[in-house]
Amino acid sequence: MKKGLFIIVLSGLFLLLVASILQMPSLGSIENPSYNETAVYYLENAVEDTHAPNAIAAIITDYRAFDTLGETTVLFTSIAAVISVLKISHHSKNKGDKANG
Amino acid sequence: MVEFIRSIVEHINYVASVALFIIGLYTVLTHSNLLKKVIGINIMETSIFLFFVSIGYVHDGSAPIINLGGDRVIYVNPLPSALILTGIVVAVSITAYSLSLIIKLYEAYGTIDLNEIMEIRGGRTNE
Amino acid sequence: MDDLIVKTITRLIVPFIQVYGIFIILHGHISPGGGFSGGAVLGSSMILFTLSYGLTDATKKLPHKVTGVLESGGIIWYILLGLMGILLGGKFLSNKEVGFFMGQAGEILSAGIIPLITVAIGIKVASTVITLFHTIIEED
């Protein structure tokens with residue numbers, strides 16, 4: 001019962017998304033509006049500016065290095081979150097056992 | 001009809017990403033096992049990555065590693081690939097955090113089924 | 001797990017996986033790859049070791065203290081590289097303007113701070129993957 005309702009709603013959502021996606025510029029065309037002056041600038045000036053042939057490395061570690069610093073902070077935060085969830089209560093349980101015993 | 005089919009073929013990657021998104025959303029909504037919900041969230045993230053990388057694709061384009069001293073060739077758009085690296089890192093972090101929460105839930109309730117947890121908590125189920 | 005075949009193959013193959021990960025990290029600015037993918041390969045080699053030898057042996061090889069120092073060290077090294085740009089008279093994380101060694105494009109020793117930042121990201125990602133796995137599979 002519930003599953004049938006979900007299937008109807010999700011197929012409606014699928015039709016809506018596909019109908020809107022078919023209005024996008026076609027896949028792989030060089031006239032695509034996402035291939036704008038920013039990407040062309042990176043491709044043309046990356047070797048001169050950074051001496052690194054890999055344009056993606058030039059973007060993530062030179063042009064947008066501050067962005068990547070935030071990205072590594074996300075990793076750090078995830079470790080802090082996981083350890084605070086899994087480790088902290090473990091210690092407090094030990095303490096409680098000692099207090100009880 | 002021919003126009004419609006041609007339009008589908010021209011946007012096949014986008015259609016695939018929408019299909020993946022719907023599959024992930026269906027998994028999240030219908031399954032009561034928490035691990036399967038996490039897998040559904042991961043499928044949705046993958047659909048977004050496919051969508052972004054498809055935006056950057058160019059026909060006959062090579063990977064954006066500049067051909068030093070060679071001819072001028074067409075490269076794919078490097079910007080979506082660089083942005084998606086951030087998304088992958090966030091996906092890994094979210095998966096690890098939700099897995100640790102599931103471990104804590106299993107320690108507390110002895111099950112990872114959402115309906116059983118709701119029953120233990122107050123007798124109300126999600127069905 | 002006490003499977004002789006799995007243990008022997010793991011012992012043989014882990015150094016090669018680690019060399020490949022280091023190769024990807026060090027060639028991040030001239031070939032496909034970079035800090036994130038190379039770090040993931042390095043972390044996966046340690047995950048393979050943990051899966052075949054057990055958690056106690058793996059934490060003996062790579063204790064939690066070492067991975068904690070590596071995590072903090074990677075991000076501190078990154079920030080120090082950024083501050084060096086300010087020290088030399090530019091902006092935070094500026095590369096060519098402040099006169100880092102640029103070299104010839106296409107060689108390993110080139111491109112200023114890009115290989116150094118890539119190494120920092122690689123260490124960070126590898127230690128993150130290992131720490132997350134060890135913390136999650138730790139029992140009791």
# chains A, B, ... in the order shown; residues from 1 in each chain; ligands from 1
$ residues_around --residues "Ala108 (chain B)" --least-positions-apart "3" --cutoff "12 Å" --atoms "only C-alpha atoms" --output "compact mmCIF listing (two decimals) with N, CA and C atoms, in the first residue's frame"
# COMPACT_ATOMS: atom_id res chain seq x y z
N SER A 89 31.63 7.98 25.18
CA SER A 89 30.70 7.31 26.08
C SER A 89 31.30 6.01 26.60
N LEU B 101 26.94 6.59 14.02
CA LEU B 101 25.66 6.74 14.73
C LEU B 101 24.88 5.43 14.73
N ILE B 102 24.96 4.68 13.61
CA ILE B 102 24.25 3.40 13.55
C ILE B 102 24.85 2.41 14.54
N ILE B 103 26.20 2.43 14.69
CA ILE B 103 26.82 1.55 15.68
C ILE B 103 26.31 1.88 17.08
N LYS B 104 26.19 3.18 17.39
CA LYS B 104 25.69 3.57 18.71
C LYS B 104 24.24 3.13 18.89
N LEU B 105 23.43 3.27 17.83
CA LEU B 105 22.03 2.84 17.93
C LEU B 105 21.94 1.34 18.18
N THR B 111 19.20 -3.49 17.67
CA THR B 111 18.71 -3.69 16.31
C THR B 111 19.00 -2.43 15.50
N ILE B 112 19.05 -2.61 14.16
CA ILE B 112 19.20 -1.42 13.32
C ILE B 112 17.99 -1.24 12.43
N ILE B 117 13.03 -0.07 16.40
CA ILE B 117 13.48 0.99 17.32
C ILE B 117 12.30 1.85 17.74
N ILE B 120 10.29 -0.02 20.30
CA ILE B 120 10.92 0.00 21.63
C ILE B 120 10.73 1.36 22.28
N ARG B 121 10.80 2.41 21.49
CA ARG B 121 10.73 3.75 22.08
C ARG B 121 9.33 4.12 22.52
$ interface_residues --of "chain C" --to "chain B" --cutoff "7 Å" --atoms "only C-alpha atoms" --output "PDB file with C-alpha atoms, in the first residue's frame"
ATOM      1  CA  SER C  31      49.628  13.335 -14.419  1.00  0.00           C
ATOM      2  CA  LEU C 132      37.923   6.147  10.469  1.00  0.00           C
ATOM      3  CA  ILE C 136      34.515   2.087  13.377  1.00  0.00           C
TER       4      ILE C 136
END
$ residues_around --residues "Ile8 (chain B)" --least-positions-apart "2" --cutoff "12 Å" --atoms "only C-alpha atoms" --output "VMD selection string"
(chain A and resid 18 to 27) or (chain B and resid 1 to 6 10 to 16)
$ interface_residues --of "chain A" --to "chain B" --cutoff "7 Å" --atoms "only C-alpha atoms" --output "VMD selection string"
chain A and resid 3 10 14 17 to 18 21 to 22 26 to 30 35 39 53 to 56 59 to 60 71 74 to 75 78 81 to 82 85 to 86
$ write_last_selection --atoms "N, CA and C atoms" --output "PDB file, in the first residue's frame"
ATOM      1  N   LYS A   3       4.058   1.288  -0.399  1.00  0.00           N
ATOM      2  CA  LYS A   3       5.035   1.211  -1.481  1.00  0.00           C
ATOM      3  C   LYS A   3       4.443   1.692  -2.796  1.00  0.00           C
ATOM      4  N   LEU A  10       7.123   8.916  -6.866  1.00  0.00           N
ATOM      5  CA  LEU A  10       8.491   9.011  -7.382  1.00  0.00           C
ATOM      6  C   LEU A  10       8.513   8.947  -8.907  1.00  0.00           C
ATOM      7  N   PHE A  14      10.132  11.618 -11.312  1.00  0.00           N
ATOM      8  CA  PHE A  14      11.046  11.246 -12.402  1.00  0.00           C
ATOM      9  C   PHE A  14      10.633  11.927 -13.702  1.00  0.00           C
ATOM     10  N   LEU A  17      11.476  15.645 -13.521  1.00  0.00           N
ATOM     11  CA  LEU A  17      12.907  15.953 -13.654  1.00  0.00           C
ATOM     12  C   LEU A  17      13.393  15.707 -15.074  1.00  0.00           C
ATOM     13  N   VAL A  18      12.917  14.596 -15.699  1.00  0.00           N
ATOM     14  CA  VAL A  18      13.367  14.322 -17.067  1.00  0.00           C
ATOM     15  C   VAL A  18      12.845  15.394 -18.016  1.00  0.00           C
ATOM     16  N   ILE A  21      15.028  18.292 -17.609  1.00  0.00           N
ATOM     17  CA  ILE A  21      16.404  18.064 -18.043  1.00  0.00           C
ATOM     18  C   ILE A  21      16.507  18.070 -19.565  1.00  0.00           C
ATOM     19  N   LEU A  22      15.416  17.680 -20.254  1.00  0.00           N
ATOM     20  CA  LEU A  22      15.476  17.663 -21.717  1.00  0.00           C
ATOM     21  C   LEU A  22      15.567  19.069 -22.298  1.00  0.00           C
ATOM     22  N   SER A  26      22.529  20.228 -25.022  1.00  0.00           N
ATOM     23  CA  SER A  26      22.801  18.803 -25.182  1.00  0.00           C
ATOM     24  C   SER A  26      24.181  18.445 -24.662  1.00  0.00           C
ATOM     25  N   LEU A  27      24.346  17.160 -24.361  1.00  0.00           N
ATOM     26  CA  LEU A  27      25.557  16.663 -23.691  1.00  0.00           C
ATOM     27  C   LEU A  27      26.758  16.742 -24.617  1.00  0.00           C
ATOM     28  N   GLY A  28      27.858  17.304 -24.117  1.00  0.00           N
ATOM     29  CA  GLY A  28      29.108  17.238 -24.854  1.00  0.00           C
ATOM     30  C   GLY A  28      29.302  18.291 -25.911  1.00  0.00           C
ATOM     31  N   SER A  29      28.399  19.270 -25.980  1.00  0.00           N
ATOM     32  CA  SER A  29      28.593  20.304 -26.988  1.00  0.00           C
ATOM     33  C   SER A  29      29.552  21.357 -26.466  1.00  0.00           C
ATOM     34  N   ILE A  30      30.426  21.861 -27.352  1.00  0.00           N
ATOM     35  CA  ILE A  30      31.400  22.858 -26.909  1.00  0.00           C
ATOM     36  C   ILE A  30      30.716  24.203 -26.706  1.00  0.00           C
ATOM     37  N   TYR A  35      30.856  25.879 -20.429  1.00  0.00           N
ATOM     38  CA  TYR A  35      32.230  25.997 -20.944  1.00  0.00           C
ATOM     39  C   TYR A  35      32.496  27.476 -21.182  1.00  0.00           C
ATOM     40  N   ALA A  39      36.554  28.520 -17.455  1.00  0.00           N
ATOM     41  CA  ALA A  39      37.216  27.268 -17.811  1.00  0.00           C
ATOM     42  C   ALA A  39      38.274  27.499 -18.876  1.00  0.00           C
ATOM     43  N   PRO A  53      51.167  21.005 -15.459  1.00  0.00           N
ATOM     44  CA  PRO A  53      50.348  20.664 -16.625  1.00  0.00           C
ATOM     45  C   PRO A  53      48.957  20.147 -16.260  1.00  0.00           C
ATOM     46  N   ASN A  54      48.810  19.542 -15.084  1.00  0.00           N
ATOM     47  CA  ASN A  54      47.512  19.020 -14.692  1.00  0.00           C
ATOM     48  C   ASN A  54      46.616  20.184 -14.255  1.00  0.00           C
ATOM     49  N   ALA A  55      45.635  20.517 -15.096  1.00  0.00           N
ATOM     50  CA  ALA A  55      44.844  21.716 -14.832  1.00  0.00           C
ATOM     51  C   ALA A  55      44.018  21.572 -13.568  1.00  0.00           C
ATOM     52  N   ILE A  56      43.581  20.341 -13.269  1.00  0.00           N
ATOM     53  CA  ILE A  56      42.764  20.166 -12.062  1.00  0.00           C
ATOM     54  C   ILE A  56      43.608  20.382 -10.811  1.00  0.00           C
ATOM     55  N   ILE A  59      44.005  23.979 -10.352  1.00  0.00           N
ATOM     56  CA  ILE A  59      42.824  24.656  -9.801  1.00  0.00           C
ATOM     57  C   ILE A  59      42.713  24.398  -8.308  1.00  0.00           C
ATOM     58  N   ILE A  60      42.788  23.100  -7.903  1.00  0.00           N
ATOM     59  CA  ILE A  60      42.464  22.832  -6.499  1.00  0.00           C
ATOM     60  C   ILE A  60      43.599  23.183  -5.564  1.00  0.00           C
ATOM     61  N   GLU A  71      38.233  22.018   2.674  1.00  0.00           N
ATOM     62  CA  GLU A  71      37.893  20.618   2.419  1.00  0.00           C
ATOM     63  C   GLU A  71      38.625  19.684   3.378  1.00  0.00           C
ATOM     64  N   VAL A  74      37.002  19.676   6.603  1.00  0.00           N
ATOM     65  CA  VAL A  74      35.834  18.793   6.675  1.00  0.00           C
ATOM     66  C   VAL A  74      36.255  17.393   7.109  1.00  0.00           C
ATOM     67  N   LEU A  75      37.372  16.897   6.546  1.00  0.00           N
ATOM     68  CA  LEU A  75      37.867  15.576   6.955  1.00  0.00           C
ATOM     69  C   LEU A  75      38.201  15.558   8.446  1.00  0.00           C
ATOM     70  N   SER A  78      35.095  15.426  10.473  1.00  0.00           N
ATOM     71  CA  SER A  78      34.433  14.117  10.473  1.00  0.00           C
ATOM     72  C   SER A  78      35.125  13.171  11.440  1.00  0.00           C
ATOM     73  N   ALA A  81      34.053  14.118  14.881  1.00  0.00           N
ATOM     74  CA  ALA A  81      32.682  13.700  15.168  1.00  0.00           C
ATOM     75  C   ALA A  81      32.612  12.208  15.443  1.00  0.00           C
ATOM     76  N   VAL A  82      33.274  11.401  14.575  1.00  0.00           N
ATOM     77  CA  VAL A  82      33.207   9.946  14.747  1.00  0.00           C
ATOM     78  C   VAL A  82      33.825   9.533  16.072  1.00  0.00           C
ATOM     79  N   VAL A  85      31.626  10.407  18.963  1.00  0.00           N
ATOM     80  CA  VAL A  85      30.457   9.526  19.105  1.00  0.00           C
ATOM     81  C   VAL A  85      30.874   8.165  19.645  1.00  0.00           C
ATOM     82  N   LEU A  86      31.971   7.592  19.132  1.00  0.00           N
ATOM     83  CA  LEU A  86      32.279   6.206  19.441  1.00  0.00           C
ATOM     84  C   LEU A  86      33.143   6.015  20.678  1.00  0.00           C
TER      85      LEU A  86
END
$ interface_residues --of "chain A" --to "chain C" --cutoff "6 Å" --atoms "only C-alpha atoms" --output "number ranges by chain"
A: 50-54, 57, 61
$ atom_distance --atom1 "CA of Leu26 (chain C)" --atom2 "CA of Ala58 (chain C)"
25.4 Å
$ select_by_dssp --residues "region 18-137 of chain C" --states "alpha helix (DSSP H)" --output "count of residues only"
83
$ atom_distance --atom1 "CA of Phe100 (chain C)" --atom2 "CA of Arg64 (chain A)"
17.4 Å
$ closest_residue --among "B:Ser62, B:Asn42, B:Ser47, B:Ser32" --to "Leu20 (chain B)" --atoms "only C-alpha atoms"
B:Ser47
$ atom_distance --atom1 "CA of Val66 (chain C)" --atom2 "CA of Ser127 (chain C)"
8.9 Å
$ residues_around --residues "region 43-50 of chain C" --least-positions-apart "6" --cutoff "10 Å" --atoms "only C-alpha atoms" --output "PyMOL selection string"
chain C and resi 6-7+10-11+13-18+21+37+56-59+61-62+122-131+133-134+137
$ closest_residue --among "B:Ile84, B:Val28, B:Ala91, B:Leu34" --to "Leu114 (chain B)" --atoms "only C-alpha atoms"
B:Leu34
$ decode --residues "region 98-124 of chain C" --atoms "N, CA and C atoms" --output "short mmCIF file (atom, residue, chain, number, x, y, z; two decimals), in the first residue's frame"
data_model
loop_
_atom_site.label_atom_id
_atom_site.label_comp_id
_atom_site.auth_asym_id
_atom_site.auth_seq_id
_atom_site.Cartn_x
_atom_site.Cartn_y
_atom_site.Cartn_z
N VAL C 98 55.14 35.26 -5.09
CA VAL C 98 56.12 35.48 -4.03
C VAL C 98 57.41 34.73 -4.30
N GLY C 99 57.55 34.09 -5.47
CA GLY C 99 58.84 33.57 -5.86
C GLY C 99 59.20 32.22 -5.29
N PHE C 100 58.21 31.31 -5.20
CA PHE C 100 58.59 29.93 -4.92
C PHE C 100 59.29 29.36 -6.14
N PHE C 101 60.02 28.25 -5.94
CA PHE C 101 60.79 27.66 -7.04
C PHE C 101 59.83 27.07 -8.07
N MET C 102 59.78 27.63 -9.27
CA MET C 102 58.82 27.17 -10.26
C MET C 102 59.37 26.07 -11.15
N GLY C 103 60.61 26.20 -11.59
CA GLY C 103 61.21 25.15 -12.39
C GLY C 103 60.61 25.03 -13.78
N GLN C 104 60.91 23.90 -14.40
CA GLN C 104 60.43 23.64 -15.77
C GLN C 104 59.11 22.88 -15.68
N ALA C 105 58.12 23.33 -16.43
CA ALA C 105 56.82 22.67 -16.38
C ALA C 105 56.94 21.24 -16.91
N GLY C 106 56.41 20.29 -16.19
CA GLY C 106 56.46 18.90 -16.61
C GLY C 106 57.46 18.07 -15.83
N GLU C 107 58.28 18.69 -14.99
CA GLU C 107 59.20 17.92 -14.16
C GLU C 107 58.62 17.77 -12.76
N ILE C 108 59.22 16.85 -12.00
CA ILE C 108 58.65 16.60 -10.67
C ILE C 108 58.94 17.77 -9.75
N LEU C 109 60.19 18.27 -9.78
CA LEU C 109 60.53 19.40 -8.92
C LEU C 109 60.19 20.68 -9.66
N SER C 110 58.91 21.06 -9.61
CA SER C 110 58.49 22.29 -10.26
C SER C 110 57.20 22.73 -9.60
N ALA C 111 56.62 23.80 -10.11
CA ALA C 111 55.28 24.24 -9.75
C ALA C 111 55.16 24.73 -8.32
N GLY C 112 56.29 25.18 -7.71
CA GLY C 112 56.18 25.87 -6.43
C GLY C 112 55.60 25.02 -5.32
N ILE C 113 54.50 25.53 -4.71
CA ILE C 113 53.98 24.84 -3.53
C ILE C 113 53.00 23.75 -3.89
N ILE C 114 52.71 23.52 -5.17
CA ILE C 114 51.68 22.53 -5.51
C ILE C 114 52.06 21.12 -5.06
N PRO C 115 53.29 20.62 -5.32
CA PRO C 115 53.61 19.27 -4.82
C PRO C 115 53.61 19.19 -3.30
N LEU C 116 54.03 20.26 -2.64
CA LEU C 116 54.06 20.23 -1.17
C LEU C 116 52.64 20.15 -0.61
N ILE C 117 51.72 20.93 -1.19
CA ILE C 117 50.34 20.89 -0.74
C ILE C 117 49.74 19.52 -1.05
N THR C 118 50.11 18.95 -2.22
CA THR C 118 49.57 17.63 -2.57
C THR C 118 50.02 16.58 -1.58
N VAL C 119 51.31 16.67 -1.15
CA VAL C 119 51.79 15.72 -0.13
C VAL C 119 51.01 15.89 1.17
N ALA C 120 50.74 17.15 1.55
CA ALA C 120 49.98 17.39 2.78
C ALA C 120 48.60 16.76 2.67
N ILE C 121 47.92 16.98 1.52
CA ILE C 121 46.57 16.42 1.35
C ILE C 121 46.62 14.89 1.36
N GLY C 122 47.67 14.32 0.72
CA GLY C 122 47.77 12.86 0.68
C GLY C 122 47.92 12.27 2.07
N ILE C 123 48.81 12.85 2.88
CA ILE C 123 48.99 12.35 4.26
C ILE C 123 47.69 12.47 5.03
N LYS C 124 47.02 13.60 4.85
CA LYS C 124 45.78 13.86 5.60
C LYS C 124 44.71 12.83 5.23
#
